[in-house]
>>> print(open('start-v5.pdb').read())   # PDB, C-alpha atoms, pLDDT in the B column
ATOM      1  CA  MET A  12      98.947  63.960 109.658  1.00 83.00           C
ATOM      2  CA  GLY A  13     100.735  67.294 109.145  1.00 85.00           C
ATOM      3  CA  ILE A  14      97.463  69.217 109.099  1.00 88.00           C
ATOM      4  CA  LEU A  15      96.288  67.609 112.344  1.00 88.00           C
ATOM      5  CA  LEU A  16      99.610  68.364 114.077  1.00 88.00           C
ATOM      6  CA  PHE A  17      99.422  71.946 112.793  1.00 81.00           C
ATOM      7  CA  ILE A  18      95.916  72.418 114.239  1.00 86.00           C
ATOM      8  CA  VAL A  19      96.934  70.973 117.617  1.00 87.00           C
ATOM      9  CA  ALA A  20     100.060  73.157 117.689  1.00 82.00           C
ATOM     10  CA  ILE A  21      98.162  76.357 116.818  1.00 83.00           C
ATOM     11  CA  VAL A  22      95.325  75.784 119.288  1.00 86.00           C
ATOM     12  CA  SER A  23      97.612  74.806 122.163  1.00 84.00           C
ATOM     13  CA  THR A  24     100.017  77.644 121.440  1.00 81.00           C
ATOM     14  CA  PHE A  25      97.284  80.269 121.482  1.00 83.00           C
ATOM     15  CA  LEU A  26      95.559  78.893 124.576  1.00 85.00           C
ATOM     16  CA  VAL A  27      98.633  78.235 126.692  1.00 86.00           C
ATOM     17  CA  GLY A  28     100.720  80.973 125.095  1.00 85.00           C
ATOM     18  CA  SER A  29      98.225  83.718 125.916  1.00 85.00           C
ATOM     19  CA  LEU A  30      98.247  82.762 129.587  1.00 89.00           C
ATOM     20  CA  SER A  31     101.990  82.214 129.605  1.00 87.00           C
ATOM     21  CA  LEU A  32     102.696  85.644 128.140  1.00 84.00           C
ATOM     22  CA  VAL A  33     101.000  87.431 131.016  1.00 87.00           C
ATOM     23  CA  PHE A  34     102.244  84.984 133.658  1.00 89.00           C
ATOM     24  CA  SER A  35     105.877  85.075 132.475  1.00 84.00           C
ATOM     25  CA  ILE A  36     106.150  88.862 132.457  1.00 81.00           C
ATOM     26  CA  ILE A  37     104.743  89.123 135.984  1.00 84.00           C
ATOM     27  CA  TYR A  38     106.850  86.188 137.172  1.00 83.00           C
ATOM     28  CA  TYR A  39     110.124  87.612 135.830  1.00 79.00           C
ATOM     29  CA  LEU A  40     109.473  91.077 137.235  1.00 78.00           C
ATOM     30  CA  VAL A  41     108.438  89.816 140.682  1.00 79.00           C
ATOM     31  CA  THR A  42     111.000  87.052 141.202  1.00 80.00           C
ATOM     32  CA  LEU A  43     114.007  88.669 139.541  1.00 75.00           C
ATOM     33  CA  LYS A  44     113.461  92.260 140.642  1.00 73.00           C
ATOM     34  CA  TRP A  45     112.747  95.062 138.190  1.00 68.00           C
ATOM     35  CA  ARG A  46     116.217  95.564 136.641  1.00 70.00           C
ATOM     36  CA  THR A  47     117.167  91.907 136.276  1.00 75.00           C
ATOM     37  CA  GLY A  48     113.632  90.945 135.338  1.00 71.00           C
ATOM     38  CA  SER A  49     113.472  93.522 132.549  1.00 77.00           C
ATOM     39  CA  LYS A  50     116.710  92.138 131.068  1.00 82.00           C
ATOM     40  CA  VAL A  51     115.355  88.591 131.209  1.00 83.00           C
ATOM     41  CA  ILE A  52     112.076  89.748 129.638  1.00 83.00           C
ATOM     42  CA  ASN A  53     113.984  91.528 126.863  1.00 86.00           C
ATOM     43  CA  ALA A  54     115.957  88.333 126.109  1.00 88.00           C
ATOM     44  CA  TRP A  55     112.735  86.320 126.223  1.00 86.00           C
ATOM     45  CA  PHE A  56     111.027  88.673 123.754  1.00 88.00           C
ATOM     46  CA  TYR A  57     114.073  88.410 121.470  1.00 89.00           C
ATOM     47  CA  LYS A  58     113.677  84.607 121.438  1.00 91.00           C
ATOM     48  CA  LEU A  59     109.954  85.003 120.732  1.00 89.00           C
ATOM     49  CA  ALA A  60     110.710  87.390 117.859  1.00 90.00           C
ATOM     50  CA  LEU A  61     113.252  84.922 116.475  1.00 92.00           C
ATOM     51  CA  SER A  62     110.667  82.131 116.624  1.00 92.00           C
ATOM     52  CA  VAL A  63     108.041  84.255 114.883  1.00 91.00           C
ATOM     53  CA  ASP A  64     110.635  85.196 112.241  1.00 93.00           C
ATOM     54  CA  GLN A  65     111.375  81.512 111.602  1.00 95.00           C
ATOM     55  CA  LEU A  66     107.630  80.815 111.398  1.00 94.00           C
ATOM     56  CA  GLY A  67     107.264  83.666 108.916  1.00 94.00           C
ATOM     57  CA  ASN A  68     110.068  82.204 106.802  1.00 96.00           C
ATOM     58  CA  VAL A  69     108.098  78.963 106.449  1.00 96.00           C
ATOM     59  CA  LEU A  70     104.586  80.440 106.354  1.00 94.00           C
ATOM     60  CA  CYS A  71     105.403  83.085 103.725  1.00 95.00           C
ATOM     61  CA  SER A  72     107.887  81.037 101.690  1.00 96.00           C
ATOM     62  CA  ALA A  73     105.762  80.802  98.537  1.00 96.00           C
ATOM     63  CA  PRO A  74     105.117  84.551  98.110  1.00 96.00           C
ATOM     64  CA  PHE A  75     108.615  85.468  99.314  1.00 97.00           C
ATOM     65  CA  ASN A  76     110.201  83.080  96.810  1.00 97.00           C
ATOM     66  CA  LEU A  77     108.160  84.720  94.036  1.00 96.00           C
ATOM     67  CA  ILE A  78     108.528  88.350  95.059  1.00 96.00           C
ATOM     68  CA  LEU A  79     111.813  88.831  96.954  1.00 97.00           C
ATOM     69  CA  ILE A  80     114.332  86.638  95.127  1.00 97.00           C
ATOM     70  CA  LYS A  81     115.326  85.812  91.573  1.00 95.00           C
ATOM     71  CA  SER A  82     114.502  82.331  90.340  1.00 88.00           C
ATOM     72  CA  TYR A  83     118.108  81.300  89.646  1.00 89.00           C
ATOM     73  CA  GLY A  84     120.989  80.934  92.090  1.00 90.00           C
ATOM     74  CA  SER A  85     118.926  81.991  95.083  1.00 93.00           C
ATOM     75  CA  MET A  86     118.713  80.544  98.554  1.00 96.00           C
ATOM     76  CA  ARG A  87     115.011  79.833  98.921  1.00 97.00           C
ATOM     77  CA  PHE A  88     112.734  80.771 101.796  1.00 97.00           C
ATOM     78  CA  GLY A  89     111.045  77.989 103.763  1.00 96.00           C
ATOM     79  CA  ASP A  90     113.637  76.298 105.995  1.00 96.00           C
ATOM     80  CA  GLU A  91     112.272  76.198 109.550  1.00 95.00           C
ATOM     81  CA  ASP A  92     115.689  76.918 111.051  1.00 94.00           C
ATOM     82  CA  ASP A  93     116.298  80.106 109.060  1.00 97.00           C
ATOM     83  CA  THR A  94     114.961  83.600 109.634  1.00 96.00           C
ATOM     84  CA  ILE A  95     113.629  85.859 106.910  1.00 96.00           C
ATOM     85  CA  SER A  96     116.572  88.199 107.522  1.00 96.00           C
ATOM     86  CA  TYR A  97     119.091  85.392 107.108  1.00 97.00           C
ATOM     87  CA  VAL A  98     117.663  84.316 103.738  1.00 97.00           C
ATOM     88  CA  LEU A  99     117.505  87.941 102.600  1.00 97.00           C
ATOM     89  CA  SER A 100     121.115  88.435 103.689  1.00 97.00           C
ATOM     90  CA  ILE A 101     122.407  85.352 101.860  1.00 97.00           C
ATOM     91  CA  ASN A 102     120.575  86.420  98.709  1.00 97.00           C
ATOM     92  CA  ASP A 103     121.896  89.950  99.084  1.00 97.00           C
ATOM     93  CA  LYS A 104     125.438  88.545  99.141  1.00 96.00           C
ATOM     94  CA  ARG A 105     124.646  86.395  96.059  1.00 96.00           C
ATOM     95  CA  ASP A 106     123.056  89.415  94.324  1.00 96.00           C
ATOM     96  CA  THR A 107     119.873  87.409  93.795  1.00 97.00           C
ATOM     97  CA  LEU A 108     117.379  89.770  95.450  1.00 97.00           C
ATOM     98  CA  THR A 109     114.719  91.413  93.315  1.00 97.00           C
ATOM     99  CA  GLY A 110     114.096  95.143  93.626  1.00 97.00           C
ATOM    100  CA  VAL A 111     111.420  94.435  96.231  1.00 97.00           C
ATOM    101  CA  GLY A 112     113.847  92.183  98.118  1.00 97.00           C
ATOM    102  CA  ARG A 113     116.553  94.872  98.106  1.00 97.00           C
ATOM    103  CA  PHE A 114     113.996  97.411  99.349  1.00 97.00           C
ATOM    104  CA  PHE A 115     112.864  95.087 102.159  1.00 96.00           C
ATOM    105  CA  GLY A 116     116.494  94.363 103.146  1.00 96.00           C
ATOM    106  CA  GLY A 117     117.261  98.084 103.069  1.00 96.00           C
ATOM    107  CA  MET A 118     114.320  98.768 105.381  1.00 96.00           C
ATOM    108  CA  LEU A 119     115.614  96.183 107.862  1.00 95.00           C
ATOM    109  CA  ASN A 120     119.095  97.746 107.740  1.00 96.00           C
ATOM    110  CA  ALA A 121     117.566 101.198 108.301  1.00 97.00           C
ATOM    111  CA  ILE A 122     115.611  99.979 111.346  1.00 94.00           C
ATOM    112  CA  ASP A 123     118.567  98.037 112.788  1.00 93.00           C
ATOM    113  CA  ASN A 124     122.006  99.133 111.587  1.00 95.00           C
ATOM    114  CA  ASP A 125     123.698  96.346 109.584  1.00 95.00           C
ATOM    115  CA  HIS A 126     120.762  94.002 110.265  1.00 95.00           C
ATOM    116  CA  LEU A 127     121.391  91.652 107.350  1.00 96.00           C
ATOM    117  CA  ASN A 128     125.036  91.042 108.281  1.00 96.00           C
ATOM    118  CA  LYS A 129     124.014  90.520 111.906  1.00 96.00           C
ATOM    119  CA  ALA A 130     121.522  87.884 110.716  1.00 96.00           C
ATOM    120  CA  ILE A 131     124.353  85.805 109.250  1.00 96.00           C
ATOM    121  CA  LYS A 132     126.483  86.139 112.393  1.00 97.00           C
ATOM    122  CA  ASN A 133     123.531  85.253 114.658  1.00 95.00           C
ATOM    123  CA  LYS A 134     122.644  82.221 112.520  1.00 95.00           C
ATOM    124  CA  LYS A 135     126.225  80.920 112.764  1.00 96.00           C
ATOM    125  CA  LEU A 136     126.186  81.353 116.558  1.00 95.00           C
ATOM    126  CA  ARG A 137     122.796  79.604 116.906  1.00 93.00           C
ATOM    127  CA  ASP A 138     123.987  76.719 114.717  1.00 94.00           C
ATOM    128  CA  LEU A 139     127.182  76.304 116.769  1.00 94.00           C
ATOM    129  CA  GLU A 140     125.147  76.364 119.997  1.00 92.00           C
ATOM    130  CA  ALA A 141     122.795  73.724 118.578  1.00 90.00           C
ATOM    131  CA  VAL A 142     125.691  71.427 117.680  1.00 92.00           C
ATOM    132  CA  GLU A 143     127.099  71.868 121.183  1.00 92.00           C
ATOM    133  CA  ARG A 144     123.716  71.028 122.764  1.00 89.00           C
ATOM    134  CA  VAL A 145     123.422  67.887 120.652  1.00 90.00           C
ATOM    135  CA  ASN A 146     126.974  66.794 121.513  1.00 90.00           C
ATOM    136  CA  ASN A 147     126.458  67.427 125.240  1.00 89.00           C
ATOM    137  CA  ASN A 148     123.128  65.598 125.400  1.00 78.00           C
ATOM    138  CA  SER A 149     124.178  62.161 124.222  1.00 60.00           C
ATOM    139  CA  TYR A 150     121.342  59.690 124.240  1.00 60.00           C
TER     140      TYR A 150
END
>>> encode(input="start-v5.pdb", output="structure tokens")
Amino acid sequence: MGILLFIVAIVSTFLVGSLSLVFSIIYYLVTLKWRTGSKVINAWFYKLALSVDQLGNVLCSAPFNLILIKSYGSMRFGDEDDTISYVLSINDKRDTLTGVGRFFGGMLNAIDNDHLNKAIKNKKLRDLEAVERVNNNSY
């Protein structure tokens, strides 16, 4: 069943997502004006990047668990709610990154100052927001 759901999700995402990408950018720029629209688009792309990062955490969990972290005491890659940066950050704090993992984390920190610490803060905020959404949407 998982394989069938995966195929449906991939096909529908690529078909609808390709059209939606173009449509959404034009829509935001036209309806929200250039300045406001560009801010909304930037926030939208951030959410897309976050989603891709979470997908990468699951999709690449086997090689990442072998290459980036030590086998003992590590937080493992593969949870669909975590980003790659978050797992790297937790393992950095636990001192359970391999040399390759430390290099990868260092690259992320060089690209975005203090990226790994930001990943922990952002994860905490997203988790708190999720709890609030669940509590406010009683069924």
>>> atom_distance(input="start-v5.pdb", atom1="atom CA of A:Val19", atom2="atom CA of A:Arg87")
27.5 Å
>>> atom_distance(input="start-v5.pdb", atom1="atom CA of A:Ile95", atom2="atom CA of A:Phe56")
17.3 Å
>>> residues_around(input="start-v5.pdb", residues="A:Ile36", least_positions_apart="3", cutoff="9 Å", atoms="only C-alpha atoms", output="ChimeraX atom specification")
/A:31-33,39-41,48-49,52
>>> closest_residue(input="start-v5.pdb", among="A:Ser62, A:Ser100, A:Thr107, A:Asn68", to="A:Lys81", atoms="only C-alpha atoms")
A:Thr107
>>> resolve_selection(input="start-v5.pdb", expression="the PyMOL selection byres ((chain A and resi 130-142) around 8)", output="ChimeraX atom specification")
/A:93-94,96-97,100-101,126-129,143-146
>>> closest_residue(input="start-v5.pdb", among="A:Ile80, A:Met118, A:Leu59, A:Leu43", to="A:Arg105", atoms="only C-alpha atoms")
A:Ile80
>>> closest_residue(input="start-v5.pdb", among="A:Leu61, A:Ala121, A:Leu99, A:Ile37", to="A:Leu79", atoms="all atoms listed in the file")
A:Leu99
>>> resolve_selection(input="start-v5.pdb", expression="the PyMOL selection byres ((chain A and resi 88) around 8)", output="VMD selection string")
chain A and resid 68 to 69 71 to 73 75 to 76 86 to 87 89 to 90 95 98
>>> atom_distance(input="start-v5.pdb", atom1="atom CA of A:Leu70", atom2="atom CA of A:Asp103")
21.0 Å
>>> axis_aligned_box(input="start-v5.pdb", around="stretch 17-26 of chain A", padding_each_side="3 Å", output="JSON")
{"center_x": 97.7, "center_y": 75.6, "center_z": 118.7, "size_x": 10.7, "size_y": 15.3, "size_z": 17.8}
>>> closest_residue(input="start-v5.pdb", among="A:Val111, A:Leu16, A:Ala60, A:Val51", to="A:Ser35", atoms="all atoms listed in the file")
A:Val51
>>> closest_residue(input="start-v5.pdb", among="A:Asp106, A:Leu66, A:Ala54, A:Asp125", to="A:Ile21", atoms="all atoms listed in the file")
A:Leu66
>>> decode(input="start-v5.pdb", residues="stretch 89-131 of chain A", atoms="C-alpha atoms", output="PDB file, in the first residue's frame")
ATOM      1  CA  GLY A  89      14.461   9.557   8.801  1.00  0.00           C
ATOM      2  CA  ASP A  90      11.717  11.260  10.834  1.00  0.00           C
ATOM      3  CA  GLU A  91       9.347  13.006   8.415  1.00  0.00           C
ATOM      4  CA  ASP A  92       8.910  15.980  10.742  1.00  0.00           C
ATOM      5  CA  ASP A  93      12.627  16.746  11.055  1.00  0.00           C
ATOM      6  CA  THR A  94      14.926  18.560   8.656  1.00  0.00           C
ATOM      7  CA  ILE A  95      18.416  17.417   7.756  1.00  0.00           C
ATOM      8  CA  SER A  96      19.792  20.512   9.500  1.00  0.00           C
ATOM      9  CA  TYR A  97      17.909  19.737  12.701  1.00  0.00           C
ATOM     10  CA  VAL A  98      19.275  16.180  12.899  1.00  0.00           C
ATOM     11  CA  LEU A  99      22.776  17.435  12.107  1.00  0.00           C
ATOM     12  CA  SER A 100      22.432  20.085  14.814  1.00  0.00           C
ATOM     13  CA  ILE A 101      21.259  17.636  17.487  1.00  0.00           C
ATOM     14  CA  ASN A 102      24.119  15.288  16.631  1.00  0.00           C
ATOM     15  CA  ASP A 103      26.564  18.182  16.665  1.00  0.00           C
ATOM     16  CA  LYS A 104      25.441  18.999  20.214  1.00  0.00           C
ATOM     17  CA  ARG A 105      25.798  15.303  21.189  1.00  0.00           C
ATOM     18  CA  ASP A 106      29.230  15.157  19.499  1.00  0.00           C
ATOM     19  CA  THR A 107      28.056  12.204  17.415  1.00  0.00           C
ATOM     20  CA  LEU A 108      28.797  13.576  13.937  1.00  0.00           C
ATOM     21  CA  THR A 109      31.441  11.880  11.824  1.00  0.00           C
ATOM     22  CA  GLY A 110      34.087  13.972  10.087  1.00  0.00           C
ATOM     23  CA  VAL A 111      31.873  14.130   7.001  1.00  0.00           C
ATOM     24  CA  GLY A 112      28.925  15.200   9.166  1.00  0.00           C
ATOM     25  CA  ARG A 113      30.972  17.966  10.812  1.00  0.00           C
ATOM     26  CA  PHE A 114      32.115  19.132   7.368  1.00  0.00           C
ATOM     27  CA  PHE A 115      28.530  19.187   6.056  1.00  0.00           C
ATOM     28  CA  GLY A 116      27.325  21.072   9.166  1.00  0.00           C
ATOM     29  CA  GLY A 117      30.208  23.520   8.806  1.00  0.00           C
ATOM     30  CA  MET A 118      29.247  24.166   5.184  1.00  0.00           C
ATOM     31  CA  LEU A 119      25.665  24.937   6.228  1.00  0.00           C
ATOM     32  CA  ASN A 120      26.921  27.324   8.929  1.00  0.00           C
ATOM     33  CA  ALA A 121      29.197  29.018   6.375  1.00  0.00           C
ATOM     34  CA  ILE A 122      26.306  29.503   3.929  1.00  0.00           C
ATOM     35  CA  ASP A 123      23.880  30.688   6.630  1.00  0.00           C
ATOM     36  CA  ASN A 124      25.479  32.052   9.802  1.00  0.00           C
ATOM     37  CA  ASP A 125      24.642  29.837  12.806  1.00  0.00           C
ATOM     38  CA  HIS A 126      22.426  27.622  10.624  1.00  0.00           C
ATOM     39  CA  LEU A 127      22.517  24.562  12.869  1.00  0.00           C
ATOM     40  CA  ASN A 128      21.434  26.480  15.980  1.00  0.00           C
ATOM     41  CA  LYS A 129      18.696  28.183  13.965  1.00  0.00           C
ATOM     42  CA  ALA A 130      17.466  24.727  12.909  1.00  0.00           C
ATOM     43  CA  ILE A 131      16.817  23.798  16.543  1.00  0.00           C
TER      44      ILE A 131
END
